[in-house]
file entry_9.cif (mmCIF, all heavy atoms)
data_upload
loop_
_atom_site.label_atom_id
_atom_site.label_comp_id
_atom_site.auth_asym_id
_atom_site.auth_seq_id
_atom_site.Cartn_x
_atom_site.Cartn_y
_atom_site.Cartn_z
N MET A 1 122.93 92.47 102.19
CA MET A 1 121.76 92.33 101.36
C MET A 1 122.19 92.02 99.93
O MET A 1 123.13 92.62 99.41
CB MET A 1 120.94 93.62 101.39
CG MET A 1 119.69 93.52 100.57
SD MET A 1 118.64 94.96 100.72
CE MET A 1 119.41 96.05 99.57
N ILE A 2 121.50 91.10 99.32
CA ILE A 2 121.78 90.71 97.95
C ILE A 2 120.80 91.43 97.04
O ILE A 2 119.61 91.51 97.33
CB ILE A 2 121.62 89.19 97.77
CG1 ILE A 2 122.62 88.46 98.65
CG2 ILE A 2 121.77 88.78 96.32
CD1 ILE A 2 122.37 86.97 98.73
N THR A 3 121.30 91.98 95.95
CA THR A 3 120.40 92.58 94.98
C THR A 3 120.54 91.83 93.65
O THR A 3 121.64 91.54 93.21
CB THR A 3 120.73 94.07 94.76
OG1 THR A 3 122.09 94.20 94.34
CG2 THR A 3 120.52 94.87 96.03
N LEU A 4 119.41 91.50 93.10
CA LEU A 4 119.36 90.84 91.80
C LEU A 4 118.31 91.54 90.96
O LEU A 4 117.36 92.12 91.50
CB LEU A 4 118.94 89.37 91.95
CG LEU A 4 119.88 88.43 92.67
CD1 LEU A 4 119.22 87.07 92.85
CD2 LEU A 4 121.17 88.27 91.90
N ASP A 5 118.47 91.47 89.65
CA ASP A 5 117.41 92.03 88.83
C ASP A 5 116.17 91.15 89.00
O ASP A 5 116.26 89.98 89.37
CB ASP A 5 117.84 92.21 87.37
CG ASP A 5 117.83 90.96 86.51
OD1 ASP A 5 116.91 90.13 86.66
OD2 ASP A 5 118.70 90.83 85.66
N PRO A 6 114.99 91.72 88.80
CA PRO A 6 113.75 90.99 89.07
C PRO A 6 113.62 89.66 88.35
O PRO A 6 113.10 88.69 88.92
CB PRO A 6 112.66 91.97 88.62
CG PRO A 6 113.28 93.31 88.78
CD PRO A 6 114.74 93.11 88.42
N GLU A 7 114.11 89.56 87.13
CA GLU A 7 114.00 88.30 86.40
C GLU A 7 114.85 87.21 87.07
O GLU A 7 114.39 86.08 87.26
CB GLU A 7 114.42 88.47 84.94
CG GLU A 7 114.19 87.22 84.13
CD GLU A 7 114.44 87.43 82.64
OE1 GLU A 7 114.40 88.57 82.16
OE2 GLU A 7 114.67 86.42 81.97
N ARG A 8 116.07 87.54 87.43
CA ARG A 8 116.93 86.56 88.12
C ARG A 8 116.35 86.20 89.48
O ARG A 8 116.38 85.04 89.88
CB ARG A 8 118.34 87.11 88.27
CG ARG A 8 119.12 87.03 86.97
CD ARG A 8 120.53 87.50 87.11
NE ARG A 8 121.27 86.72 88.09
CZ ARG A 8 122.41 87.14 88.64
NH1 ARG A 8 122.93 88.31 88.29
NH2 ARG A 8 123.04 86.39 89.51
N LEU A 9 115.86 87.19 90.21
CA LEU A 9 115.25 86.92 91.51
C LEU A 9 114.07 85.98 91.37
O LEU A 9 113.91 85.04 92.15
CB LEU A 9 114.82 88.23 92.18
CG LEU A 9 114.11 88.09 93.52
CD1 LEU A 9 114.96 87.35 94.53
CD2 LEU A 9 113.73 89.47 94.03
N GLY A 10 113.26 86.19 90.36
CA GLY A 10 112.12 85.30 90.11
C GLY A 10 112.55 83.87 89.90
O GLY A 10 111.94 82.94 90.42
N HIS A 11 113.64 83.67 89.16
CA HIS A 11 114.15 82.32 88.93
C HIS A 11 114.67 81.69 90.23
O HIS A 11 114.46 80.50 90.47
CB HIS A 11 115.25 82.32 87.87
CG HIS A 11 114.73 82.46 86.48
ND1 HIS A 11 114.08 81.45 85.83
CD2 HIS A 11 114.76 83.51 85.63
CE1 HIS A 11 113.73 81.86 84.62
NE2 HIS A 11 114.12 83.11 84.47
N VAL A 12 115.33 82.48 91.06
CA VAL A 12 115.83 81.97 92.34
C VAL A 12 114.67 81.53 93.22
O VAL A 12 114.68 80.43 93.80
CB VAL A 12 116.69 83.03 93.05
CG1 VAL A 12 116.98 82.62 94.49
CG2 VAL A 12 117.99 83.26 92.29
N LEU A 13 113.65 82.37 93.33
CA LEU A 13 112.49 82.03 94.17
C LEU A 13 111.77 80.81 93.62
O LEU A 13 111.35 79.92 94.37
CB LEU A 13 111.54 83.23 94.25
CG LEU A 13 112.11 84.49 94.90
CD1 LEU A 13 111.12 85.64 94.78
CD2 LEU A 13 112.51 84.26 96.33
N TRP A 14 111.60 80.75 92.31
CA TRP A 14 110.93 79.62 91.66
C TRP A 14 111.72 78.33 91.91
O TRP A 14 111.15 77.30 92.27
CB TRP A 14 110.80 79.92 90.17
CG TRP A 14 110.15 78.86 89.34
CD1 TRP A 14 109.25 77.90 89.74
CD2 TRP A 14 110.35 78.64 87.95
NE1 TRP A 14 108.87 77.12 88.67
CE2 TRP A 14 109.53 77.55 87.57
CE3 TRP A 14 111.12 79.26 86.99
CZ2 TRP A 14 109.49 77.07 86.26
CZ3 TRP A 14 111.07 78.79 85.69
CH2 TRP A 14 110.26 77.71 85.33
N ALA A 15 113.03 78.37 91.71
CA ALA A 15 113.86 77.18 91.89
C ALA A 15 113.81 76.67 93.33
O ALA A 15 113.69 75.46 93.57
CB ALA A 15 115.30 77.47 91.48
N ALA A 16 113.90 77.57 94.29
CA ALA A 16 113.86 77.16 95.70
C ALA A 16 112.51 76.55 96.06
O ALA A 16 112.44 75.49 96.70
CB ALA A 16 114.16 78.35 96.60
N THR A 17 111.44 77.18 95.63
CA THR A 17 110.10 76.67 95.92
C THR A 17 109.87 75.34 95.21
O THR A 17 109.35 74.39 95.80
CB THR A 17 109.03 77.70 95.51
OG1 THR A 17 109.31 78.92 96.21
CG2 THR A 17 107.64 77.23 95.88
N HIS A 18 110.29 75.25 93.97
CA HIS A 18 110.15 74.02 93.20
C HIS A 18 110.91 72.88 93.87
O HIS A 18 110.43 71.75 93.96
CB HIS A 18 110.66 74.24 91.77
CG HIS A 18 110.46 73.07 90.87
ND1 HIS A 18 111.38 72.06 90.78
CD2 HIS A 18 109.46 72.76 90.02
CE1 HIS A 18 110.95 71.16 89.90
NE2 HIS A 18 109.79 71.57 89.43
N GLY A 19 112.11 73.18 94.36
CA GLY A 19 112.91 72.17 95.04
C GLY A 19 112.23 71.63 96.29
O GLY A 19 112.18 70.42 96.52
N LEU A 20 111.68 72.53 97.08
CA LEU A 20 110.98 72.10 98.29
C LEU A 20 109.76 71.25 97.96
O LEU A 20 109.53 70.20 98.56
CB LEU A 20 110.56 73.31 99.13
CG LEU A 20 109.83 72.99 100.43
CD1 LEU A 20 110.71 72.16 101.37
CD2 LEU A 20 109.39 74.27 101.11
N ILE A 21 108.99 71.68 96.99
CA ILE A 21 107.81 70.92 96.59
C ILE A 21 108.22 69.55 96.03
O ILE A 21 107.59 68.54 96.33
CB ILE A 21 106.96 71.72 95.59
CG1 ILE A 21 106.33 72.92 96.31
CG2 ILE A 21 105.89 70.85 94.94
CD1 ILE A 21 105.70 73.94 95.39
N GLY A 22 109.28 69.51 95.22
CA GLY A 22 109.76 68.24 94.68
C GLY A 22 110.18 67.28 95.78
O GLY A 22 109.87 66.08 95.74
N LEU A 23 110.89 67.79 96.78
CA LEU A 23 111.30 66.94 97.91
C LEU A 23 110.08 66.43 98.67
O LEU A 23 110.02 65.27 99.08
CB LEU A 23 112.22 67.72 98.84
CG LEU A 23 113.62 68.00 98.31
CD1 LEU A 23 114.33 69.00 99.21
CD2 LEU A 23 114.42 66.72 98.19
N HIS A 24 109.11 67.30 98.85
CA HIS A 24 107.88 66.92 99.56
C HIS A 24 107.14 65.81 98.80
O HIS A 24 106.77 64.79 99.38
CB HIS A 24 106.98 68.14 99.73
CG HIS A 24 105.63 67.83 100.28
ND1 HIS A 24 105.42 67.35 101.55
CD2 HIS A 24 104.40 67.94 99.72
CE1 HIS A 24 104.13 67.18 101.75
NE2 HIS A 24 103.48 67.52 100.65
N ARG A 25 106.98 65.99 97.50
CA ARG A 25 106.25 65.01 96.70
C ARG A 25 106.98 63.68 96.62
O ARG A 25 106.36 62.63 96.47
CB ARG A 25 105.99 65.57 95.30
CG ARG A 25 104.99 66.73 95.37
CD ARG A 25 104.57 67.16 94.03
NE ARG A 25 103.87 66.03 93.40
CZ ARG A 25 103.23 66.10 92.27
NH1 ARG A 25 103.19 67.24 91.61
NH2 ARG A 25 102.65 65.07 91.75
N ALA A 26 108.32 63.71 96.74
CA ALA A 26 109.11 62.48 96.69
C ALA A 26 109.20 61.80 98.06
O ALA A 26 109.82 60.75 98.19
CB ALA A 26 110.52 62.80 96.19
N GLY A 27 108.57 62.41 99.07
CA GLY A 27 108.57 61.82 100.40
C GLY A 27 109.90 61.96 101.14
O GLY A 27 110.19 61.18 102.04
N LYS A 28 110.69 62.95 100.78
CA LYS A 28 112.02 63.13 101.39
C LYS A 28 112.02 64.08 102.58
O LYS A 28 113.08 64.34 103.14
CB LYS A 28 113.01 63.65 100.34
CG LYS A 28 113.13 62.77 99.12
CD LYS A 28 113.79 61.46 99.46
CE LYS A 28 114.01 60.64 98.20
NZ LYS A 28 114.55 59.34 98.47
N LEU A 29 110.87 64.60 102.98
CA LEU A 29 110.81 65.59 104.06
C LEU A 29 110.08 65.03 105.28
O LEU A 29 109.19 65.66 105.82
CB LEU A 29 110.10 66.87 103.57
CG LEU A 29 110.79 67.61 102.44
CD1 LEU A 29 109.93 68.77 101.98
CD2 LEU A 29 112.16 68.09 102.86
N ARG A 30 110.46 63.90 105.73
CA ARG A 30 109.78 63.27 106.87
C ARG A 30 110.65 63.37 108.11
O ARG A 30 111.15 62.39 108.63
CB ARG A 30 109.47 61.82 106.54
CG ARG A 30 108.58 61.69 105.32
CD ARG A 30 108.17 60.26 105.09
NE ARG A 30 107.52 60.11 103.81
CZ ARG A 30 106.21 60.26 103.62
NH1 ARG A 30 105.43 60.57 104.62
NH2 ARG A 30 105.70 60.09 102.42
N HIS A 31 110.84 64.58 108.61
CA HIS A 31 111.69 64.81 109.77
C HIS A 31 110.95 65.52 110.88
O HIS A 31 111.55 66.25 111.67
CB HIS A 31 112.93 65.59 109.37
CG HIS A 31 113.75 64.90 108.32
ND1 HIS A 31 114.52 63.78 108.57
CD2 HIS A 31 113.90 65.14 106.99
CE1 HIS A 31 115.10 63.38 107.47
NE2 HIS A 31 114.74 64.18 106.49
N GLY A 32 109.64 65.35 110.95
CA GLY A 32 108.87 65.93 112.03
C GLY A 32 108.48 67.39 111.85
O GLY A 32 107.99 68.01 112.79
N ILE A 33 108.73 67.96 110.69
CA ILE A 33 108.35 69.34 110.42
C ILE A 33 107.31 69.34 109.31
O ILE A 33 107.52 68.74 108.26
CB ILE A 33 109.56 70.20 110.00
CG1 ILE A 33 110.66 70.14 111.07
CG2 ILE A 33 109.14 71.64 109.75
CD1 ILE A 33 111.96 70.77 110.63
N ALA A 34 106.21 70.00 109.55
CA ALA A 34 105.13 70.04 108.56
C ALA A 34 105.58 70.76 107.29
O ALA A 34 106.31 71.76 107.35
CB ALA A 34 103.91 70.74 109.14
N PHE A 35 105.15 70.25 106.15
CA PHE A 35 105.49 70.87 104.87
C PHE A 35 105.08 72.33 104.84
O PHE A 35 105.84 73.18 104.37
CB PHE A 35 104.79 70.10 103.73
CG PHE A 35 104.88 70.81 102.41
CD1 PHE A 35 106.08 70.86 101.72
CD2 PHE A 35 103.77 71.43 101.86
CE1 PHE A 35 106.18 71.52 100.50
CE2 PHE A 35 103.86 72.09 100.64
CZ PHE A 35 105.07 72.13 99.96
N GLU A 36 103.91 72.64 105.36
CA GLU A 36 103.43 74.02 105.36
C GLU A 36 104.38 74.93 106.14
O GLU A 36 104.62 76.07 105.75
CB GLU A 36 102.01 74.11 105.92
CG GLU A 36 100.95 73.46 105.06
CD GLU A 36 100.93 71.94 105.13
OE1 GLU A 36 101.57 71.35 106.04
OE2 GLU A 36 100.29 71.34 104.26
N GLN A 37 104.92 74.42 107.24
CA GLN A 37 105.87 75.21 108.04
C GLN A 37 107.17 75.41 107.26
O GLN A 37 107.74 76.50 107.26
CB GLN A 37 106.17 74.53 109.38
CG GLN A 37 107.09 75.35 110.27
CD GLN A 37 106.49 76.69 110.65
OE1 GLN A 37 105.42 76.73 111.22
NE2 GLN A 37 107.18 77.77 110.32
N LEU A 38 107.66 74.36 106.60
CA LEU A 38 108.86 74.50 105.79
C LEU A 38 108.66 75.50 104.65
O LEU A 38 109.55 76.30 104.35
CB LEU A 38 109.28 73.14 105.22
CG LEU A 38 109.88 72.16 106.21
CD1 LEU A 38 110.05 70.80 105.54
CD2 LEU A 38 111.20 72.66 106.73
N LEU A 39 107.51 75.46 104.03
CA LEU A 39 107.21 76.39 102.95
C LEU A 39 107.20 77.82 103.47
O LEU A 39 107.77 78.72 102.84
CB LEU A 39 105.87 76.02 102.29
CG LEU A 39 105.54 76.72 100.99
CD1 LEU A 39 106.60 76.47 99.93
CD2 LEU A 39 104.17 76.26 100.50
N GLN A 40 106.60 78.04 104.63
CA GLN A 40 106.59 79.37 105.25
C GLN A 40 108.00 79.81 105.60
O GLN A 40 108.40 80.95 105.34
CB GLN A 40 105.71 79.37 106.51
CG GLN A 40 105.63 80.73 107.19
CD GLN A 40 104.91 81.75 106.34
OE1 GLN A 40 103.82 81.50 105.86
NE2 GLN A 40 105.53 82.90 106.13
N ASP A 41 108.79 78.91 106.19
CA ASP A 41 110.17 79.23 106.55
C ASP A 41 111.01 79.58 105.33
O ASP A 41 111.81 80.52 105.35
CB ASP A 41 110.82 78.07 107.30
CG ASP A 41 110.22 77.81 108.67
OD1 ASP A 41 109.50 78.70 109.21
OD2 ASP A 41 110.46 76.71 109.22
N LEU A 42 110.82 78.82 104.25
CA LEU A 42 111.54 79.10 103.01
C LEU A 42 111.18 80.49 102.49
O LEU A 42 112.05 81.29 102.14
CB LEU A 42 111.23 78.05 101.95
CG LEU A 42 111.83 78.30 100.56
CD1 LEU A 42 113.35 78.25 100.61
CD2 LEU A 42 111.29 77.30 99.57
N GLY A 43 109.88 80.78 102.45
CA GLY A 43 109.44 82.09 101.97
C GLY A 43 110.00 83.22 102.82
O GLY A 43 110.48 84.23 102.30
N ASP A 44 109.96 83.06 104.13
CA ASP A 44 110.48 84.10 105.03
C ASP A 44 111.99 84.28 104.83
O ASP A 44 112.48 85.41 104.75
CB ASP A 44 110.22 83.73 106.49
CG ASP A 44 108.75 83.82 106.87
OD1 ASP A 44 107.95 84.40 106.10
OD2 ASP A 44 108.40 83.28 107.94
N THR A 45 112.70 83.17 104.74
CA THR A 45 114.16 83.24 104.57
C THR A 45 114.52 83.91 103.25
O THR A 45 115.39 84.79 103.22
CB THR A 45 114.77 81.82 104.61
OG1 THR A 45 114.47 81.24 105.89
CG2 THR A 45 116.27 81.85 104.42
N LEU A 46 113.86 83.53 102.18
CA LEU A 46 114.15 84.15 100.89
C LEU A 46 113.76 85.62 100.88
O LEU A 46 114.50 86.47 100.39
CB LEU A 46 113.43 83.39 99.77
CG LEU A 46 113.98 82.01 99.48
CD1 LEU A 46 113.07 81.27 98.50
CD2 LEU A 46 115.40 82.08 98.93
N ALA A 47 112.61 85.95 101.45
CA ALA A 47 112.16 87.35 101.45
C ALA A 47 113.10 88.23 102.25
O ALA A 47 113.49 89.31 101.80
CB ALA A 47 110.74 87.44 102.00
N PHE A 48 113.48 87.80 103.43
CA PHE A 48 114.33 88.64 104.27
C PHE A 48 115.75 88.74 103.73
O PHE A 48 116.46 89.69 104.04
CB PHE A 48 114.32 88.16 105.71
CG PHE A 48 113.01 88.41 106.40
CD1 PHE A 48 112.30 87.36 106.94
CD2 PHE A 48 112.47 89.68 106.48
CE1 PHE A 48 111.07 87.58 107.56
CE2 PHE A 48 111.26 89.92 107.10
CZ PHE A 48 110.56 88.87 107.64
N GLY A 49 116.14 87.81 102.90
CA GLY A 49 117.45 87.89 102.27
C GLY A 49 117.51 88.92 101.16
O GLY A 49 118.58 89.35 100.77
N PHE A 50 116.36 89.34 100.67
CA PHE A 50 116.31 90.28 99.55
C PHE A 50 115.66 91.61 99.90
O PHE A 50 115.57 92.49 99.06
CB PHE A 50 115.54 89.65 98.37
CG PHE A 50 116.25 88.47 97.79
CD1 PHE A 50 115.88 87.18 98.11
CD2 PHE A 50 117.33 88.65 96.93
CE1 PHE A 50 116.53 86.09 97.58
CE2 PHE A 50 117.98 87.56 96.39
CZ PHE A 50 117.59 86.28 96.72
N VAL A 51 115.20 91.76 101.14
CA VAL A 51 114.50 92.99 101.54
C VAL A 51 115.33 93.67 102.61
O VAL A 51 115.69 93.04 103.62
CB VAL A 51 113.10 92.66 102.07
CG1 VAL A 51 112.40 93.90 102.58
CG2 VAL A 51 112.26 91.99 101.00
N PRO A 52 115.63 94.97 102.43
CA PRO A 52 116.39 95.66 103.48
C PRO A 52 115.59 95.76 104.77
O PRO A 52 114.39 95.95 104.75
CB PRO A 52 116.66 97.04 102.89
CG PRO A 52 115.68 97.20 101.79
CD PRO A 52 115.28 95.83 101.34
N ARG A 53 116.28 95.61 105.89
CA ARG A 53 115.64 95.75 107.20
C ARG A 53 115.99 97.10 107.77
O ARG A 53 117.14 97.51 107.73
CB ARG A 53 116.11 94.63 108.13
CG ARG A 53 115.60 93.29 107.69
CD ARG A 53 116.15 92.20 108.58
NE ARG A 53 116.66 91.19 107.67
CZ ARG A 53 117.64 90.36 107.93
NH1 ARG A 53 118.22 90.37 109.08
NH2 ARG A 53 118.02 89.49 107.04
N SER A 54 115.02 97.78 108.33
CA SER A 54 115.30 99.10 108.89
C SER A 54 115.42 99.00 110.40
O SER A 54 114.79 98.18 111.06
CB SER A 54 114.16 100.06 108.54
OG SER A 54 112.95 99.60 109.06
N GLY A 55 116.28 99.85 110.96
CA GLY A 55 116.40 99.96 112.40
C GLY A 55 117.22 98.90 113.08
O GLY A 55 117.39 98.91 114.28
N GLY A 56 117.78 97.96 112.34
CA GLY A 56 118.55 96.89 112.96
C GLY A 56 120.01 96.96 112.59
O GLY A 56 120.41 97.65 111.66
N ALA A 57 120.81 96.25 113.35
CA ALA A 57 122.23 96.18 113.04
C ALA A 57 122.43 95.28 111.82
O ALA A 57 121.73 94.30 111.64
CB ALA A 57 123.01 95.62 114.23
N GLU A 58 123.38 95.60 111.00
CA GLU A 58 123.65 94.80 109.80
C GLU A 58 124.78 93.87 110.02
O GLU A 58 125.73 94.04 110.61
CB GLU A 58 123.90 95.71 108.61
CG GLU A 58 122.65 96.48 108.27
CD GLU A 58 122.83 97.33 107.03
OE1 GLU A 58 123.63 96.94 106.15
OE2 GLU A 58 122.21 98.35 106.93
#

call {"tool": "encode", "arguments": {"input": "entry_9.cif", "output": "structure tokens"}}
result
Amino acid sequence: MITLDPERLGHVLWAATHGLIGLHRAGKLRHGIAFEQLLQDLGDTLAFGFVPRSGGAE
């Protein structure tokens, strides 16, 4: 698990989301996956990378 102070974490989340939106607006995400699905996947991946999971193997 990665720990960052809230301000740095906010910048990481903002940069990742901004990057995905920029690629979408530039037409670079035409690989058969809906933008909404990619946005959800990005959010899930970023969230689970910063939130401890209980009951599972690490």

call {"tool": "resolve_selection", "arguments": {"input": "entry_9.cif", "expression": "the PyMOL selection byres ((chain A and resi 46) around 6)", "output": "list in words"}}
result
Leu9, Val12, Leu13, Ala16, Thr17, Asp41, Leu42, Gly43, Asp44, Thr45, Ala47, Phe48, Gly49, Phe50 and Val51 of chain A

call {"tool": "atom_distance", "arguments": {"input": "entry_9.cif", "atom1": "atom CA of Gly22 of chain A", "atom2": "atom CA of Phe35 of chain A"}}
result
11.4 Å

call {"tool": "atom_distance", "arguments": {"input": "entry_9.cif", "atom1": "atom CD1 of Leu38 of chain A", "atom2": "atom C of Arg25 of chain A"}}
result
11.8 Å

call {"tool": "closest_residue", "arguments": {"input": "entry_9.cif", "among": "A:Thr3, A:Trp14, A:Arg8, A:Leu20", "to": "Leu39 of chain A", "atoms": "all atoms listed in the file"}}
result
A:Leu20

call {"tool": "axis_aligned_box", "arguments": {"input": "entry_9.cif", "around": "segment 17-30 of chain A", "padding_each_side": "6 Å", "output": "lines of an AutoDock Vina configuration file"}}
result
center_x = 108.6
center_y = 69.1
center_z = 99.0
size_x = 23.9
size_y = 31.6
size_z = 31.2

call {"tool": "atom_distance", "arguments": {"input": "entry_9.cif", "atom1": "atom CA of Pro6 of chain A", "atom2": "atom CE1 of His18 of chain A"}}
result
20.0 Å

call {"tool": "select_by_dssp", "arguments": {"input": "entry_9.cif", "residues": "segment 17-50 of chain A", "states": "helix (DSSP H, G or I)", "output": "MDAnalysis selection string"}}
result
chainID A and resid 17:25 35:50
